[in-house]
Amino acid sequence: MTKGGMDSVEVFTTEGKGRGLKAQKEFLPGDVIFAEPAYAAVVFDSLTHVICHTCFKRQERLHRCGQCKFAHYCDRTCQRAAWLNHKNECSAIKRHGKAPTENIRLAARILWRIEREGSGLSEGCLVSVDELQNHVDSFGEEEKKELRADVESFLEFWPPHCQQFGMQFISHVFGVISCNGFTLSDQRGLQAVGVGIFPNLCQANHDCWPNCTVVFNNGNHEAVRSMFHTQRIRLRALSKVSPGDELTVSYVDFLSLSEERRKQLKKQYYFDCTCEHCKKQLKDDLMLAVKAGESKPSADTVKEVIQLSKDTLEKINKARMEGHYHEVVKLCRDCLKKQEPVLGDTNIYLLRILSIASEVLSYLQMFEEAADYAKRMVDGYLKIYHPNNAQLGMAVMRAGVTHWHAGLIEAGHGLICKAYAILLITHGPSHPITKDLEAMRVQTEMELRMFQQNEFMYYKMREAALKNQKIQVMPEPSNENAPSLFHKKE
């Protein structure tokens, strides 16, 4: 079954997993399989003043809707593009006296679109909103309580003159949002800023080692007259896909033991993962590796160090939340001293501490120590992650920038080139983060040539440049993980 620009994929029904997506032709790594505009999307409650409600870009100064005083836009172009979706919302907010939560706003936008177009197939959609999974029957008591509260709030917000929907259908829409809401990120792809419903992508099943990835691309003014001006998500191939292959994406980060991933998937998405990596517990041995050699640590020692690592990670989270970064560094150093004689180079508890240490030390401009930890982190990641994994690419990029700041130009340039090769596949050449990396690659290549011609002069010029222009401070460490694929209330 194909529809409107979606002729490269088809929906099929699979044993035990329900519907899925299948390729209709061959794709190579980096190919865009399809791009899909949001059926409906909203900015998170906490960011409504700093993110454009049309293209989801973060901007310094935004124009505010003069009517409801709630919606914010880059400029008149974005405001005009939003009017079809904002018109009903605008008058409802004025009538209600305030804007409701993001869940209520998203449900309302979905139902206003159904009111305009009917609940059948929309242009370019393989399935209708009616057909999307809601998993309401699998909800626990707490989730059912939240659902009832959302439905009540929705009914208070929903205008009496608009089409009225039954309680069952409203509950279905909230269930769809809970299970199928995709995270939307800002233009750099580094912060989750909103949530949207993309019916075609909802059909892609999970695999812990997927053959596709999802990247969010913000709209642009050149595309204002097309359906793609607004939020669109792209499905990109990570490896070679043959006609007839199922297209899969990963709903969770791979850097967890198979048992932990399965628990998370069951809790959040209500299914048991039966992928090859979970069934055979592939890579678990690497993620639990202990130090090899003659004096192999005892099982009790390993257990003790892993418990210490878990306790330290809790203390680190608390210190990071309070902005006590020197305390974070001390906790990391102390933990690493205990981990290094016991845990293997790919052990996830060691890798988590190395990642935090390198990020926080970079922020504190202690680049040489940060670079050492970042290099060890990347070496471990490369043995665990899929070679074309977006999170791996971002980690390699961060390590490359850290080495560059530390004056380790050869290693820095090598890592930046490696990150660029990965992100070309996962994000594509036009994504802002890939463009940033391309500029870094060109700059570090020029510096590397200078270094190879005359090492002494390179360091003299670098020293002079740093005196005139203080090295750029790395962004403040965030307690948030990279935006996950699906938006799910914890």
# chains A, B, ... in the order shown; residues from 1 in each chain; ligands from 1

$ residues_around --residues "Phe44 of chain A" --least-positions-apart "5" --cutoff "9 Å" --atoms "only C-alpha atoms" --output "list in words"
Ile51, Thr101, Glu102, Asn103, Ala192, Val193, Gly194 and Val195 of chain A

$ write_last_selection --atoms "N, CA, C and O atoms" --output "compact mmCIF listing (two decimals), in the first residue's frame"
# COMPACT_ATOMS: atom_id res chain seq x y z
N ILE A 51 11.07 29.23 21.32
CA ILE A 51 11.09 28.36 20.13
C ILE A 51 9.95 28.78 19.20
O ILE A 51 8.83 28.99 19.64
N THR A 101 -1.82 22.63 28.66
CA THR A 101 -0.54 21.92 28.55
C THR A 101 -0.30 21.42 27.13
O THR A 101 -1.23 21.33 26.33
N GLU A 102 0.96 21.03 26.86
CA GLU A 102 1.33 20.58 25.51
C GLU A 102 0.49 19.39 25.05
O GLU A 102 0.13 19.30 23.88
N ASN A 103 0.17 18.45 25.96
CA ASN A 103 -0.64 17.28 25.58
C ASN A 103 -2.03 17.69 25.10
O ASN A 103 -2.54 17.18 24.11
N ALA A 192 15.63 18.69 22.89
CA ALA A 192 14.23 18.37 22.58
C ALA A 192 13.39 19.60 22.87
O ALA A 192 13.48 20.18 23.96
N VAL A 193 12.59 20.04 21.89
CA VAL A 193 11.84 21.30 22.06
C VAL A 193 10.33 21.14 21.85
O VAL A 193 9.56 22.05 22.11
N GLY A 194 9.89 19.97 21.36
CA GLY A 194 8.46 19.81 21.11
C GLY A 194 8.11 18.37 20.81
O GLY A 194 8.97 17.48 20.85
N VAL A 195 6.84 18.16 20.50
CA VAL A 195 6.37 16.81 20.20
C VAL A 195 5.40 16.88 19.02
O VAL A 195 4.63 17.83 18.90

$ residues_around --residues "Cys208 of chain A" --least-positions-apart "5" --cutoff "9 Å" --atoms "only C-alpha atoms" --output "VMD selection string"
chain A and resid 248 to 254 258 261 273 275 to 278

$ atom_distance --atom1 "atom CA of Leu415 of chain A" --atom2 "atom CA of Met397 of chain A"
6.6 Å

$ residues_around --residues "Val214 of chain A" --least-positions-apart "6" --cutoff "8 Å" --atoms "only C-alpha atoms" --output "list in words"
Ile233, Arg234, Leu235, Arg236, Val249, Thr426 and Leu485 of chain A

$ closest_residue --among "A:Ala406, A:Ser171, A:Lys25, A:Leu354" --to "Leu313 of chain A" --atoms "only C-alpha atoms"
A:Leu354

$ atom_distance --atom1 "atom CA of Lys303 of chain A" --atom2 "atom CA of Lys318 of chain A"
23.3 Å

$ closest_residue --among "A:Tyr373, A:Phe154, A:Trp83, A:Phe34" --to "Thr213 of chain A" --atoms "only C-alpha atoms"
A:Phe34

$ select_by_dssp --residues "segment 13-192 of chain A" --states "alpha helix (DSSP H)" --output "compact mmCIF listing (two decimals) with N, CA and C atoms, in the first residue's frame"
# COMPACT_ATOMS: atom_id res chain seq x y z
N ARG A 76 7.07 37.08 10.15
CA ARG A 76 5.74 37.01 9.52
C ARG A 76 5.58 35.77 8.63
N THR A 77 6.68 35.34 8.02
CA THR A 77 6.61 34.15 7.14
C THR A 77 6.15 32.94 7.93
N CYS A 78 6.78 32.72 9.09
CA CYS A 78 6.40 31.59 9.94
C CYS A 78 4.99 31.78 10.50
N GLN A 79 4.65 33.03 10.82
CA GLN A 79 3.32 33.29 11.39
C GLN A 79 2.22 32.99 10.37
N ARG A 80 2.45 33.41 9.12
CA ARG A 80 1.45 33.15 8.07
C ARG A 80 1.32 31.64 7.82
N ALA A 81 2.48 30.94 7.82
CA ALA A 81 2.46 29.49 7.58
C ALA A 81 1.73 28.75 8.68
N ALA A 82 1.69 29.33 9.89
CA ALA A 82 1.08 28.66 11.04
C ALA A 82 -0.43 28.87 11.14
N TRP A 83 -0.96 29.87 10.40
CA TRP A 83 -2.33 30.32 10.68
C TRP A 83 -3.38 29.22 10.57
N LEU A 84 -3.25 28.34 9.57
CA LEU A 84 -4.25 27.27 9.39
C LEU A 84 -4.36 26.42 10.67
N ASN A 85 -3.20 26.11 11.26
CA ASN A 85 -3.20 25.27 12.46
C ASN A 85 -3.41 26.07 13.74
N HIS A 86 -3.10 27.37 13.71
CA HIS A 86 -3.19 28.17 14.93
C HIS A 86 -4.54 28.87 15.08
N LYS A 87 -5.26 29.02 13.99
CA LYS A 87 -6.50 29.82 13.99
C LYS A 87 -7.47 29.39 15.10
N ASN A 88 -7.84 28.11 15.13
CA ASN A 88 -8.77 27.62 16.15
C ASN A 88 -8.16 27.69 17.54
N GLU A 89 -6.87 27.34 17.61
CA GLU A 89 -6.16 27.36 18.89
C GLU A 89 -6.15 28.77 19.47
N CYS A 90 -5.93 29.73 18.61
CA CYS A 90 -5.84 31.15 19.01
C CYS A 90 -7.13 31.60 19.71
N SER A 91 -8.28 31.32 19.06
CA SER A 91 -9.54 31.77 19.66
C SER A 91 -9.88 30.94 20.90
N ALA A 92 -9.48 29.66 20.92
CA ALA A 92 -9.76 28.81 22.08
C ALA A 92 -8.96 29.28 23.29
N ILE A 93 -7.69 29.69 23.07
CA ILE A 93 -6.86 30.20 24.19
C ILE A 93 -7.46 31.48 24.73
N LYS A 94 -7.91 32.37 23.83
CA LYS A 94 -8.52 33.65 24.28
C LYS A 94 -9.78 33.35 25.11
N ARG A 95 -10.60 32.40 24.63
CA ARG A 95 -11.85 32.08 25.33
C ARG A 95 -11.56 31.43 26.68
N HIS A 96 -10.54 30.54 26.70
CA HIS A 96 -10.19 29.78 27.91
C HIS A 96 -9.47 30.64 28.94
N GLU A 102 0.96 21.03 26.86
CA GLU A 102 1.33 20.58 25.51
C GLU A 102 0.49 19.39 25.05
N ASN A 103 0.17 18.45 25.96
CA ASN A 103 -0.64 17.28 25.58
C ASN A 103 -2.03 17.69 25.10
N ILE A 104 -2.65 18.65 25.83
CA ILE A 104 -3.99 19.13 25.47
C ILE A 104 -3.92 19.88 24.14
N ARG A 105 -2.88 20.71 24.00
CA ARG A 105 -2.74 21.49 22.76
C ARG A 105 -2.55 20.57 21.55
N LEU A 106 -1.75 19.51 21.73
CA LEU A 106 -1.51 18.59 20.61
C LEU A 106 -2.79 17.82 20.25
N ALA A 107 -3.51 17.35 21.26
CA ALA A 107 -4.77 16.63 21.01
C ALA A 107 -5.75 17.54 20.28
N ALA A 108 -5.82 18.81 20.72
CA ALA A 108 -6.74 19.77 20.08
C ALA A 108 -6.36 19.99 18.62
N ARG A 109 -5.06 20.12 18.34
CA ARG A 109 -4.61 20.34 16.95
C ARG A 109 -4.96 19.13 16.07
N ILE A 110 -4.81 17.93 16.63
CA ILE A 110 -5.17 16.71 15.88
C ILE A 110 -6.66 16.72 15.57
N LEU A 111 -7.48 17.05 16.57
CA LEU A 111 -8.94 17.00 16.38
C LEU A 111 -9.44 18.14 15.49
N TRP A 112 -8.79 19.30 15.54
CA TRP A 112 -9.17 20.37 14.60
C TRP A 112 -8.84 19.97 13.16
N ARG A 113 -7.73 19.25 12.99
CA ARG A 113 -7.40 18.80 11.63
C ARG A 113 -8.42 17.76 11.16
N ILE A 114 -8.83 16.87 12.06
CA ILE A 114 -9.86 15.88 11.70
C ILE A 114 -11.17 16.60 11.37
N GLU A 115 -11.48 17.66 12.12
CA GLU A 115 -12.69 18.45 11.85
C GLU A 115 -12.63 19.05 10.44
N ARG A 116 -11.45 19.52 10.03
CA ARG A 116 -11.29 20.13 8.70
C ARG A 116 -11.32 19.09 7.58
N GLU A 117 -10.60 17.96 7.80
CA GLU A 117 -10.33 17.03 6.70
C GLU A 117 -11.05 15.69 6.81
N GLU A 141 -2.61 1.83 36.37
CA GLU A 141 -3.54 2.71 37.10
C GLU A 141 -3.13 4.18 37.01
N GLU A 142 -1.83 4.45 37.20
CA GLU A 142 -1.34 5.83 37.18
C GLU A 142 -1.55 6.47 35.82
N GLU A 143 -1.27 5.69 34.75
CA GLU A 143 -1.45 6.20 33.39
C GLU A 143 -2.94 6.46 33.09
N LYS A 144 -3.80 5.58 33.59
CA LYS A 144 -5.26 5.77 33.37
C LYS A 144 -5.74 7.03 34.08
N LYS A 145 -5.17 7.27 35.26
CA LYS A 145 -5.53 8.47 36.04
C LYS A 145 -5.11 9.73 35.27
N GLU A 146 -3.88 9.71 34.70
CA GLU A 146 -3.38 10.84 33.89
C GLU A 146 -4.25 11.04 32.66
N LEU A 147 -4.66 9.93 32.04
CA LEU A 147 -5.50 10.00 30.84
C LEU A 147 -6.84 10.66 31.17
N ARG A 148 -7.45 10.26 32.28
CA ARG A 148 -8.74 10.86 32.68
C ARG A 148 -8.59 12.37 32.92
N ALA A 149 -7.47 12.74 33.58
CA ALA A 149 -7.22 14.17 33.86
C ALA A 149 -7.04 14.95 32.56
N ASP A 150 -6.31 14.34 31.59
CA ASP A 150 -6.10 14.99 30.29
C ASP A 150 -7.42 15.18 29.54
N VAL A 151 -8.26 14.15 29.57
CA VAL A 151 -9.56 14.23 28.88
C VAL A 151 -10.43 15.33 29.50
N GLU A 152 -10.43 15.41 30.84
CA GLU A 152 -11.21 16.46 31.53
C GLU A 152 -10.71 17.85 31.15
N SER A 153 -9.37 18.02 31.18
CA SER A 153 -8.78 19.33 30.81
C SER A 153 -9.09 19.68 29.37
N PHE A 154 -9.03 18.66 28.50
CA PHE A 154 -9.32 18.88 27.09
C PHE A 154 -10.76 19.39 26.91
N LEU A 155 -11.71 18.75 27.59
CA LEU A 155 -13.12 19.14 27.44
C LEU A 155 -13.38 20.56 27.94
N GLU A 156 -12.61 21.00 28.93
CA GLU A 156 -12.74 22.39 29.40
C GLU A 156 -12.22 23.37 28.35
N PHE A 157 -11.16 22.94 27.63
CA PHE A 157 -10.51 23.81 26.63
C PHE A 157 -11.26 23.81 25.30
N MET A 167 -16.04 10.46 24.02
CA MET A 167 -14.99 10.26 25.02
C MET A 167 -14.00 9.18 24.58
N GLN A 168 -14.52 8.14 23.94
CA GLN A 168 -13.65 7.03 23.53
C GLN A 168 -12.63 7.50 22.48
N PHE A 169 -13.09 8.32 21.53
CA PHE A 169 -12.18 8.78 20.49
C PHE A 169 -11.16 9.78 21.06
N ILE A 170 -11.60 10.64 21.98
CA ILE A 170 -10.67 11.59 22.62
C ILE A 170 -9.60 10.81 23.38
N SER A 171 -10.03 9.76 24.11
CA SER A 171 -9.07 8.91 24.84
C SER A 171 -8.11 8.24 23.87
N HIS A 172 -8.63 7.81 22.71
CA HIS A 172 -7.78 7.19 21.67
C HIS A 172 -6.69 8.17 21.24
N VAL A 173 -7.06 9.43 21.01
CA VAL A 173 -6.08 10.45 20.55
C VAL A 173 -4.99 10.64 21.62
N PHE A 174 -5.39 10.71 22.90
CA PHE A 174 -4.38 10.86 23.96
C PHE A 174 -3.49 9.62 24.05
N GLY A 175 -4.07 8.44 23.82
CA GLY A 175 -3.27 7.21 23.80
C GLY A 175 -2.26 7.22 22.66
N VAL A 176 -2.69 7.72 21.50
CA VAL A 176 -1.80 7.84 20.33
C VAL A 176 -0.63 8.77 20.65
N ILE A 177 -0.94 9.91 21.30
CA ILE A 177 0.11 10.88 21.67
C ILE A 177 1.11 10.22 22.63
N SER A 178 0.58 9.48 23.60
CA SER A 178 1.43 8.85 24.61
C SER A 178 2.38 7.82 24.00
N CYS A 179 1.89 7.06 23.01
CA CYS A 179 2.69 5.96 22.46
C CYS A 179 3.43 6.31 21.16
N ASN A 180 2.96 7.35 20.46
CA ASN A 180 3.51 7.62 19.12
C ASN A 180 4.04 9.04 18.93

$ residues_around --residues "Ala299 of chain A" --least-positions-apart "2" --cutoff "12 Å" --atoms "only C-alpha atoms" --output "ChimeraX atom specification"
/A:288-291,296-297,301-306,342-343

$ residues_around --residues "Arg188 of chain A" --least-positions-apart "4" --cutoff "10 Å" --atoms "only C-alpha atoms" --output "NGL selection string"
:A and (57-58 or 216-218 or 431-434 or 436)

$ closest_residue --among "A:Ile197, A:Val129, A:Ile425, A:Val43" --to "Ser185 of chain A" --atoms "only C-alpha atoms"
A:Val43

$ closest_atom_pairs --of "segment 204-321 of chain A" --to "segment 26-33 of chain A" --cutoff "8 Å" --atoms "only C-alpha atoms" --output "tab-separated table"
residue	atom	partner	partner_atom	distance
A:Arg234	CA	A:Val32	CA	6.6
A:Leu235	CA	A:Ile33	CA	5.5
A:Arg236	CA	A:Val32	CA	4.5
A:Ala237	CA	A:Pro29	CA	5.0
A:Leu238	CA	A:Pro29	CA	4.7
A:Ser239	CA	A:Pro29	CA	4.5
A:Lys240	CA	A:Leu28	CA	4.5
A:Val241	CA	A:Phe27	CA	5.0
A:Ser242	CA	A:Glu26	CA	4.5
A:Pro243	CA	A:Glu26	CA	5.2

$ select_by_dssp --residues "segment 32-202 of chain A" --states "strand (DSSP E)" --output "JSON, numbers by chain"
{"A": [32, 33, 34, 35, 36, 37, 40, 41, 42, 43, 63, 64, 72, 73, 182, 183, 184, 185, 192, 193, 194, 195, 196, 197]}
